[in-house]
file upload-v8.cif (mmCIF, C-alpha atoms)
data_my_file
loop_
_atom_site.label_atom_id
_atom_site.label_comp_id
_atom_site.auth_asym_id
_atom_site.auth_seq_id
_atom_site.Cartn_x
_atom_site.Cartn_y
_atom_site.Cartn_z
CA MET A 1 -26.24 61.15 -29.95
CA GLU A 2 -29.66 61.26 -31.58
CA LYS A 3 -30.91 58.30 -33.65
CA ALA A 4 -30.67 60.32 -36.85
CA GLU A 5 -27.04 61.20 -36.07
CA ILE A 6 -26.22 57.56 -35.36
CA GLU A 7 -27.74 56.46 -38.68
CA ARG A 8 -25.86 59.20 -40.52
CA PHE A 9 -22.61 58.22 -38.80
CA ALA A 10 -23.00 54.56 -39.81
CA ARG A 11 -24.17 55.40 -43.35
CA ASN A 12 -21.33 57.79 -44.14
CA LEU A 13 -18.53 55.74 -42.54
CA ASP A 14 -16.18 53.99 -44.97
CA TRP A 15 -16.27 50.55 -43.36
CA ASN A 16 -13.13 49.49 -45.25
CA LEU A 17 -11.20 51.92 -43.05
CA LEU A 18 -12.14 49.82 -40.02
CA GLN A 19 -10.69 46.71 -41.65
CA ASP A 20 -7.47 48.59 -42.45
CA PHE A 21 -7.26 49.87 -38.87
CA LEU A 22 -7.73 46.33 -37.57
CA VAL A 23 -4.74 45.18 -39.63
CA ILE A 24 -2.61 48.15 -38.47
CA VAL A 25 -3.23 47.21 -34.83
CA GLU A 26 -2.64 43.50 -35.39
CA GLU A 27 0.64 44.21 -37.23
CA LYS A 28 1.57 46.87 -34.63
CA GLY A 29 2.52 49.45 -37.22
CA VAL A 30 1.78 51.03 -40.57
CA THR A 31 4.79 49.54 -42.37
CA ARG A 32 3.98 45.90 -41.64
CA ALA A 33 0.29 46.58 -42.24
CA ALA A 34 1.14 47.91 -45.72
CA THR A 35 3.04 44.70 -46.48
CA ARG A 36 0.13 42.54 -45.37
CA LEU A 37 -2.41 44.64 -47.30
CA HIS A 38 -0.16 44.74 -50.40
CA VAL A 39 -0.34 48.51 -50.65
CA SER A 40 2.13 51.34 -50.09
CA GLN A 41 2.88 52.73 -46.64
CA PRO A 42 1.61 56.22 -47.56
CA ALA A 43 -1.69 54.67 -48.64
CA VAL A 44 -2.13 53.01 -45.24
CA THR A 45 -1.13 56.21 -43.44
CA ASN A 46 -3.69 58.12 -45.48
CA LYS A 47 -6.43 55.65 -44.55
CA LEU A 48 -5.53 55.90 -40.88
CA GLN A 49 -5.67 59.70 -41.06
CA ARG A 50 -9.07 59.57 -42.80
CA LEU A 51 -10.45 57.32 -40.07
CA GLU A 52 -9.07 59.56 -37.33
CA LYS A 53 -10.58 62.59 -39.03
CA TYR A 54 -13.95 60.87 -39.26
CA MET A 55 -13.74 59.78 -35.61
CA ASP A 56 -12.51 63.26 -34.68
CA SER A 57 -9.91 61.66 -32.44
CA HIS A 58 -6.37 60.28 -32.51
CA LEU A 59 -6.37 56.49 -32.48
CA ILE A 60 -2.64 55.87 -32.14
CA ASP A 61 -0.31 57.58 -29.65
CA ARG A 62 2.45 58.95 -31.88
CA THR A 63 4.47 60.24 -28.92
CA ALA A 64 5.09 56.77 -27.49
CA ARG A 65 8.29 54.90 -28.32
CA GLU A 66 6.39 51.71 -28.96
CA PHE A 67 3.15 51.19 -30.86
CA THR A 68 0.43 52.31 -28.44
CA LEU A 69 -3.29 52.85 -28.91
CA THR A 70 -5.07 55.80 -27.38
CA GLU A 71 -8.10 55.10 -25.22
CA THR A 72 -10.32 55.83 -28.22
CA GLY A 73 -8.12 53.69 -30.45
CA GLN A 74 -8.47 50.72 -28.10
CA MET A 75 -12.24 51.11 -28.06
CA VAL A 76 -12.40 51.34 -31.87
CA TYR A 77 -10.14 48.28 -32.21
CA GLU A 78 -12.33 46.16 -29.93
CA GLU A 79 -15.41 47.16 -31.91
CA CYS A 80 -13.57 46.38 -35.17
CA VAL A 81 -12.79 42.86 -33.95
CA GLU A 82 -16.47 42.24 -33.17
CA LEU A 83 -17.66 43.75 -36.45
CA TYR A 84 -15.20 41.77 -38.53
CA SER A 85 -15.94 38.48 -36.80
CA ASN A 86 -19.70 38.94 -37.15
CA VAL A 87 -19.47 39.78 -40.85
CA SER A 88 -16.95 37.05 -41.66
CA ARG A 89 -19.13 34.38 -40.05
CA MET A 90 -22.35 35.57 -41.63
CA ALA A 91 -22.02 33.19 -44.58
CA GLU A 92 -21.44 30.23 -42.28
CA THR A 93 -24.44 31.17 -40.14
CA LEU A 94 -26.65 31.46 -43.21
CA LYS A 95 -25.42 28.08 -44.42
CA ASP A 96 -26.37 26.51 -41.10
CA VAL A 97 -29.85 28.00 -41.34
CA ARG A 98 -30.28 26.51 -44.81
CA ASP A 99 -28.78 23.15 -43.88
CA SER A 100 -28.55 22.41 -40.17
CA ILE A 101 -27.80 18.72 -40.72
CA THR A 102 -24.51 18.74 -42.57
CA GLY A 103 -22.47 21.60 -41.14
CA HIS A 104 -18.84 22.44 -41.85
CA VAL A 105 -15.78 22.71 -39.63
CA SER A 106 -12.87 24.98 -40.55
CA VAL A 107 -9.64 24.10 -38.73
CA ASN A 108 -6.49 26.18 -39.10
CA THR A 109 -3.23 24.33 -38.47
CA PRO A 110 0.50 24.77 -38.97
CA THR A 111 2.33 22.51 -41.38
CA HIS A 112 3.01 18.99 -40.06
CA ALA A 113 1.09 19.08 -36.79
CA GLU A 114 1.43 15.32 -36.34
CA SER A 115 -0.30 13.47 -33.53
CA LYS A 116 -2.46 10.37 -33.07
CA VAL A 117 -4.82 12.59 -31.07
CA ILE A 118 -5.50 14.71 -34.17
CA ASP A 119 -5.69 11.71 -36.50
CA ASN A 120 -8.08 9.83 -34.22
CA ALA A 121 -10.30 12.90 -33.79
CA LEU A 122 -10.60 13.43 -37.56
CA TRP A 123 -11.35 9.74 -38.13
CA LYS A 124 -13.97 9.54 -35.37
CA PHE A 125 -15.63 12.78 -36.50
CA HIS A 126 -16.09 11.53 -40.06
CA LYS A 127 -17.28 8.11 -38.88
CA THR A 128 -19.78 9.65 -36.46
CA HIS A 129 -20.96 12.60 -38.58
CA THR A 130 -20.90 11.29 -42.14
CA LYS A 131 -22.68 14.29 -43.65
CA ALA A 132 -20.44 16.91 -42.02
CA THR A 133 -17.31 18.27 -43.70
CA VAL A 134 -13.95 19.50 -42.47
CA SER A 135 -11.45 21.80 -44.16
CA LEU A 136 -7.85 22.11 -42.95
CA HIS A 137 -6.10 25.39 -43.71
CA VAL A 138 -2.31 25.51 -43.31
CA ALA A 139 -0.95 28.70 -41.75
CA THR A 140 1.72 29.85 -39.33
CA SER A 141 0.91 29.37 -35.65
CA TRP A 142 0.62 33.15 -35.24
CA ASP A 143 -1.93 33.32 -38.07
CA VAL A 144 -3.81 30.34 -36.63
CA ILE A 145 -4.16 32.07 -33.27
CA THR A 146 -5.20 35.31 -34.95
CA SER A 147 -7.85 33.54 -37.03
CA VAL A 148 -9.39 31.95 -33.93
CA LYS A 149 -9.26 35.25 -32.04
CA ARG A 150 -11.04 36.95 -34.93
CA LYS A 151 -13.54 34.07 -35.14
CA ASN A 152 -12.59 33.19 -38.71
CA ALA A 153 -12.06 29.57 -37.69
CA ALA A 154 -14.00 27.41 -35.26
CA CYS A 155 -10.76 26.16 -33.78
CA GLY A 156 -7.07 26.04 -34.48
CA ILE A 157 -4.02 23.91 -33.85
CA ALA A 158 -0.87 25.89 -33.11
CA LEU A 159 2.51 25.89 -31.42
CA VAL A 160 1.97 28.11 -28.38
CA THR A 161 4.66 30.12 -26.60
CA SER A 162 2.41 32.63 -24.83
CA ARG A 163 -1.27 32.66 -23.93
CA THR A 164 -4.04 35.21 -23.81
CA SER A 165 -6.98 35.04 -21.40
CA SER A 166 -9.48 35.55 -24.23
CA LEU A 167 -8.81 32.10 -25.73
CA ASN A 168 -8.91 28.52 -24.45
CA TYR A 169 -5.90 26.20 -24.83
CA ASP A 170 -5.87 22.40 -24.62
CA VAL A 171 -2.44 20.77 -24.97
CA ILE A 172 -2.58 18.19 -27.77
CA TYR A 173 1.07 17.17 -27.52
CA ARG A 174 4.50 18.39 -26.55
CA GLU A 175 7.38 18.25 -29.01
CA ARG A 176 11.06 19.03 -29.14
CA PHE A 177 13.24 20.39 -31.93
CA GLY A 178 16.68 19.07 -32.85
CA LEU A 179 19.31 20.19 -35.35
CA TYR A 180 19.82 18.18 -38.52
CA CYS A 181 21.98 18.00 -41.62
CA GLY A 182 21.13 16.12 -44.82
CA TYR A 183 22.77 13.53 -47.03
CA GLY A 184 24.25 16.39 -49.04
CA SER A 185 26.21 17.71 -46.06
CA GLU A 186 29.83 16.98 -45.17
CA LEU A 187 28.62 16.32 -41.61
CA PHE A 188 26.24 13.55 -42.62
CA GLY A 189 26.82 10.22 -40.89
CA ARG A 190 29.35 11.56 -38.38
CA ASP A 191 28.93 11.07 -34.64
CA ASP A 192 31.98 13.19 -33.76
CA VAL A 193 30.72 16.56 -35.05
CA SER A 194 31.56 19.39 -32.63
CA LEU A 195 29.51 22.48 -31.83
CA ASP A 196 32.20 24.59 -33.51
CA GLU A 197 31.76 22.64 -36.75
CA ILE A 198 27.99 22.99 -36.50
CA ALA A 199 28.27 26.73 -35.90
CA ALA A 200 30.43 27.09 -39.03
CA GLN A 201 27.76 25.56 -41.29
CA PRO A 202 25.28 27.59 -43.36
CA TYR A 203 21.92 27.72 -41.61
CA VAL A 204 18.36 27.35 -42.92
CA THR A 205 15.31 27.83 -40.73
CA PHE A 206 11.82 29.20 -40.20
CA PRO A 207 11.20 32.98 -40.13
CA THR A 208 9.86 32.42 -36.60
CA ASP A 209 13.27 31.15 -35.38
CA VAL A 210 14.07 34.51 -33.78
CA ILE A 211 14.05 36.02 -30.31
CA GLY A 212 10.41 36.71 -29.49
CA GLY A 213 9.17 34.44 -32.29
CA GLU A 214 7.22 31.21 -32.09
CA LEU A 215 10.49 29.24 -31.79
CA HIS A 216 11.94 31.63 -29.21
CA ASN A 217 13.09 28.90 -26.82
CA PHE A 218 14.87 27.02 -29.59
CA THR A 219 16.50 30.27 -30.77
CA VAL A 220 17.81 30.92 -27.26
CA ALA A 221 19.13 27.35 -26.98
CA ARG A 222 21.05 27.39 -30.26
CA LYS A 223 22.48 30.85 -29.63
CA LYS A 224 23.63 29.64 -26.22
CA SER A 225 25.40 26.77 -28.04
CA GLY A 226 27.13 29.27 -30.35
CA ILE A 227 24.95 28.51 -33.37
CA ASP A 228 24.09 32.02 -34.47
CA SER A 229 24.66 32.24 -38.23
CA VAL A 230 22.45 34.51 -40.31
CA PRO A 231 20.08 32.16 -42.19
CA ILE A 232 20.86 31.79 -45.88
CA SER A 233 17.34 30.52 -46.61
CA GLN A 234 13.99 30.52 -44.83
CA SER A 235 10.50 29.08 -45.27
CA TYR A 236 7.31 28.80 -43.21
CA HIS A 237 6.80 25.27 -44.56
CA LEU A 238 8.43 22.31 -42.87
CA GLU A 239 8.67 20.39 -46.15
CA GLU A 240 10.74 23.13 -47.78
CA ILE A 241 13.05 23.43 -44.77
CA ARG A 242 13.57 19.68 -44.88
CA ARG A 243 14.36 19.81 -48.61
CA LEU A 244 17.01 22.48 -48.03
CA ILE A 245 18.54 20.46 -45.20
CA GLU A 246 18.48 17.18 -47.13
CA ILE A 247 20.33 18.44 -50.21
CA GLY A 248 22.99 20.17 -48.12
CA VAL A 249 22.08 23.83 -48.53
CA GLY A 250 22.43 24.16 -44.78
CA ILE A 251 21.74 22.61 -41.41
CA GLY A 252 18.46 23.41 -39.71
CA PRO A 253 15.83 22.60 -37.07
CA HIS A 254 13.17 19.89 -37.26
CA PRO A 255 10.67 18.43 -34.79
CA VAL A 256 12.38 15.29 -33.50
CA HIS A 257 9.37 13.00 -33.92
CA VAL A 258 8.71 14.20 -37.48
CA ALA A 259 12.38 13.89 -38.49
CA GLN A 260 12.66 10.28 -37.33
CA ARG A 261 11.28 8.67 -40.49
CA PHE A 262 13.69 10.70 -42.63
CA VAL A 263 16.60 9.67 -40.41
CA ASP A 264 15.52 6.04 -40.92
CA GLN A 265 15.45 6.62 -44.68
CA GLY A 266 18.98 8.00 -44.70
CA ARG A 267 17.87 11.49 -45.70
CA LEU A 268 18.52 13.39 -42.45
CA TRP A 269 21.17 13.09 -39.74
CA GLN A 270 20.75 14.45 -36.23
CA LEU A 271 23.67 16.56 -34.99
CA LYS A 272 24.29 15.08 -31.55
CA ALA A 273 26.51 17.87 -30.22
CA PHE A 274 23.44 20.12 -30.02
CA ASN A 275 21.50 18.44 -27.22
CA ASP A 276 19.48 21.29 -25.71
CA TYR A 277 15.90 20.34 -26.60
CA PRO A 278 13.41 23.01 -25.51
CA VAL A 279 9.84 21.74 -25.11
CA PHE A 280 7.04 23.25 -27.18
CA GLU A 281 3.32 22.79 -26.65
CA VAL A 282 1.03 22.28 -29.63
CA CYS A 283 -2.49 23.19 -28.55
CA LEU A 284 -6.09 23.09 -29.62
CA ILE A 285 -7.16 26.74 -29.51
CA THR A 286 -10.79 27.79 -29.21
CA ASN A 287 -12.60 31.06 -28.67
CA PRO A 288 -15.29 30.92 -25.96
CA ARG A 289 -17.06 33.90 -27.55
CA ILE A 290 -17.59 32.24 -30.92
CA ARG A 291 -21.00 30.95 -31.98
CA LEU A 292 -20.42 27.36 -33.09
CA ASN A 293 -22.54 25.33 -35.45
CA ALA A 294 -23.41 21.75 -34.50
CA ALA A 295 -20.58 20.24 -36.55
CA GLU A 296 -17.97 22.58 -35.07
CA GLN A 297 -19.07 21.82 -31.52
CA ALA A 298 -19.05 18.09 -32.23
CA PHE A 299 -15.51 18.18 -33.64
CA ILE A 300 -14.18 20.17 -30.69
CA ASN A 301 -15.85 17.76 -28.26
CA ILE A 302 -14.29 14.77 -30.02
CA ILE A 303 -10.76 16.15 -30.12
CA ARG A 304 -11.00 17.22 -26.47
CA ASP A 305 -12.10 13.70 -25.55
CA GLU A 306 -9.06 12.33 -27.39
CA ILE A 307 -6.80 14.78 -25.54
CA TYR A 308 -8.04 14.04 -22.06
CA ASN A 309 -8.41 10.30 -22.57
CA THR A 310 -4.73 10.11 -23.51
CA PRO A 311 -2.22 10.58 -20.65
CA LEU A 312 0.06 13.59 -21.08
CA GLU A 313 3.17 11.42 -21.04
CA GLU A 314 1.84 9.63 -24.12
CA ARG A 315 1.37 13.01 -25.77
CA THR A 316 4.94 14.12 -25.07
CA VAL A 317 7.71 13.43 -27.55
CA GLU A 318 10.81 12.79 -25.44
CA ALA A 319 14.15 14.30 -26.36
CA CYS A 320 16.46 11.63 -27.69
CA VAL A 321 19.09 11.08 -30.36
CA TYR A 322 17.77 8.89 -33.11
CA ASN A 323 21.00 8.27 -35.02
CA PRO A 324 22.11 4.65 -34.74
#

call {"tool": "encode", "arguments": {"input": "upload-v8.cif", "output": "structure tokens"}}
result
Amino acid sequence: MEKAEIERFARNLDWNLLQDFLVIVEEKGVTRAATRLHVSQPAVTNKLQRLEKYMDSHLIDRTAREFTLTETGQMVYEECVELYSNVSRMAETLKDVRDSITGHVSVNTPTHAESKVIDNALWKFHKTHTKATVSLHVATSWDVITSVKRKNAACGIALVTSRTSSLNYDVIYRERFGLYCGYGSELFGRDDVSLDEIAAQPYVTFPTDVIGGELHNFTVARKKSGIDSVPISQSYHLEEIRRLIEIGVGIGPHPVHVAQRFVDQGRLWQLKAFNDYPVFEVCLITNPRIRLNAAEQAFINIIRDEIYNTPLEERTVEACVYNP
């Protein structure tokens, strides 16, 4: 392709179509992409068709049973990821040029990622780099991983059930989930609750408590125990799930180490009959292809030091029943 043709191609391309295509691929379908983009499905389909027409090639294999990219579609997607990450980090890069001393660290994390490793790293970073700043953005673990993959965040903290070779994972801690009822439940305070009684209770949980979701192992364990009710309420936020459990709307899952203080306060009660505690790893996630500013690199170095200077057994929350 001649230089003039390349310039004309870039000048005439609607770059917004690339962003829409990126979302379609990440959501693995037009319908879910439309929900995320807050537009109608026909609008997303139209944008996809416009991009395919401009590229003069099909980008998605419509004959496959599952969502599958064509060879051209895969190539366009990989270029979209690079384009988006470069553009999204442009402001941060410019800021570093203007002020290379302060620097800012953006960390994406799920709600209630609680660990002395994280706390110590934040404290040491601010004590060591007094002019640097840190922002913590709460998101689901899936969104955290996506943001790091797309280079929107310098690093992320997330519950990890599967890994990709394009990212680096450092285990911050291991946690286990138990089942709890609240002071508003008829089961509260009882040590003789059976699995049948638990299974008969209304259930509240996270949207990720499904087969194939972030809490897949917990989902399998509770289903195996016969606890398979359709949730009557859901939330991505741990605080809201706890509220629903406490007031007796339903029973639900909670990280054992986080729930302990609420058990001590008489607000939650662990249901002992469910004693299958799958282990989950909460990891520091970084992207080796990201260009870090000085503050970002310093924070990652500090939290990694905290991780590897703390034995794994001290970073593992053991399964136990906390009810007296």

call {"tool": "residues_around", "arguments": {"input": "upload-v8.cif", "residues": "A:Ile241", "least_positions_apart": "6", "cutoff": "10 Å", "atoms": "only C-alpha atoms", "output": "ChimeraX atom specification"}}
result
/A:204-206,233-235,249-254

call {"tool": "write_last_selection", "arguments": {"input": "upload-v8.cif", "atoms": "C-alpha atoms", "output": "compact mmCIF listing (two decimals), in the coordinates of the input"}}
result
# COMPACT_ATOMS: atom_id res chain seq x y z
CA VAL A 204 18.36 27.35 -42.92
CA THR A 205 15.31 27.83 -40.73
CA PHE A 206 11.82 29.20 -40.20
CA SER A 233 17.34 30.52 -46.61
CA GLN A 234 13.99 30.52 -44.83
CA SER A 235 10.50 29.08 -45.27
CA VAL A 249 22.08 23.83 -48.53
CA GLY A 250 22.43 24.16 -44.78
CA ILE A 251 21.74 22.61 -41.41
CA GLY A 252 18.46 23.41 -39.71
CA PRO A 253 15.83 22.60 -37.07
CA HIS A 254 13.17 19.89 -37.26

call {"tool": "resolve_selection", "arguments": {"input": "upload-v8.cif", "expression": "the PyMOL selection byres ((chain A and resi 121) around 8)", "output": "PyMOL selection string"}}
result
chain A and resi 117-120+122-125+299+302-303+306

call {"tool": "resolve_selection", "arguments": {"input": "upload-v8.cif", "expression": "the PyMOL selection byres ((chain A and resi 173) around 8)", "output": "list of chain:residue names"}}
result
A:Ser115, A:Val171, A:Ile172, A:Arg174, A:Glu175, A:Glu281, A:Val282, A:Cys283, A:Leu312, A:Arg315, A:Thr316, A:Val317

call {"tool": "closest_residue", "arguments": {"input": "upload-v8.cif", "among": "A:Glu7, A:Asp264, A:Asp14, A:Glu27", "to": "A:Arg50", "atoms": "all atoms listed in the file"}}
result
A:Asp14

call {"tool": "residues_around", "arguments": {"input": "upload-v8.cif", "residues": "A:Gly248", "least_positions_apart": "5", "cutoff": "6 Å", "atoms": "all atoms listed in the file", "output": "list of chain:residue names"}}
result
A:Gly182, A:Gly184, A:Ser185

call {"tool": "closest_residue", "arguments": {"input": "upload-v8.cif", "among": "A:Val76, A:Ala294, A:Ile211, A:Leu18", "to": "A:Ala154", "atoms": "all atoms listed in the file"}}
result
A:Ala294

call {"tool": "axis_aligned_box", "arguments": {"input": "upload-v8.cif", "around": "stretch 112-124 of chain A", "padding_each_side": "5 Å", "output": "AutoDock Vina command-line options"}}
result
--center_x -5.5 --center_y 14.3 --center_z -35.6 --size_x 27.0 --size_y 19.5 --size_z 19.0

call {"tool": "residues_around", "arguments": {"input": "upload-v8.cif", "residues": "stretch 59-61 of chain A", "least_positions_apart": "4", "cutoff": "8 Å", "atoms": "only C-alpha atoms", "output": "list in words"}}
result
Glu52, Phe67, Thr68, Leu69, Thr70, Glu71, Thr72, Gly73, Gln74 and Val76 of chain A

call {"tool": "residues_around", "arguments": {"input": "upload-v8.cif", "residues": "stretch 78-86 of chain A", "least_positions_apart": "3", "cutoff": "7 Å", "atoms": "all atoms listed in the file", "output": "NGL selection string"}}
result
:A and (18 or 22 or 74-75 or 89-90 or 150-152)

call {"tool": "atom_distance", "arguments": {"input": "upload-v8.cif", "atom1": "atom CA of A:Leu268", "atom2": "atom CA of A:Ile247"}}
result
9.4 Å

call {"tool": "closest_atom_pairs", "arguments": {"input": "upload-v8.cif", "of": "stretch 179-285 of chain A", "to": "stretch 111-114 of chain A", "cutoff": "9 Å", "atoms": "only C-alpha atoms", "output": "tab-separated table"}}
result
residue	atom	partner	partner_atom	distance
A:Tyr236	CA	A:Thr111	CA	8.2
A:His237	CA	A:Thr111	CA	6.1
A:Leu238	CA	A:Thr111	CA	6.3
A:Glu239	CA	A:Thr111	CA	8.2
A:His257	CA	A:Glu114	CA	8.6
A:Val258	CA	A:Glu114	CA	7.5
A:Val282	CA	A:Ala113	CA	7.8

call {"tool": "atom_distance", "arguments": {"input": "upload-v8.cif", "atom1": "atom CA of A:Gly178", "atom2": "atom CA of A:Trp269"}}
result
10.2 Å

call {"tool": "resolve_selection", "arguments": {"input": "upload-v8.cif", "expression": "the PyMOL selection byres ((chain A and resi 157-161) around 8)", "output": "MDAnalysis selection string"}}
result
chainID A and resid 107:110 113 140:142 144:145 155:156 162:163 214:216 280:285

call {"tool": "residues_around", "arguments": {"input": "upload-v8.cif", "residues": "A:Thr31", "least_positions_apart": "3", "cutoff": "7 Å", "atoms": "only C-alpha atoms", "output": "list in words"}}
result
Ala34, Thr35 and Gln41 of chain A

call {"tool": "atom_distance", "arguments": {"input": "upload-v8.cif", "atom1": "atom CA of A:Glu66", "atom2": "atom CA of A:Leu13"}}
result
28.7 Å

call {"tool": "closest_residue", "arguments": {"input": "upload-v8.cif", "among": "A:Ala199, A:Ile232, A:Val105, A:Val148", "to": "A:Ala132", "atoms": "all atoms listed in the file"}}
result
A:Val105
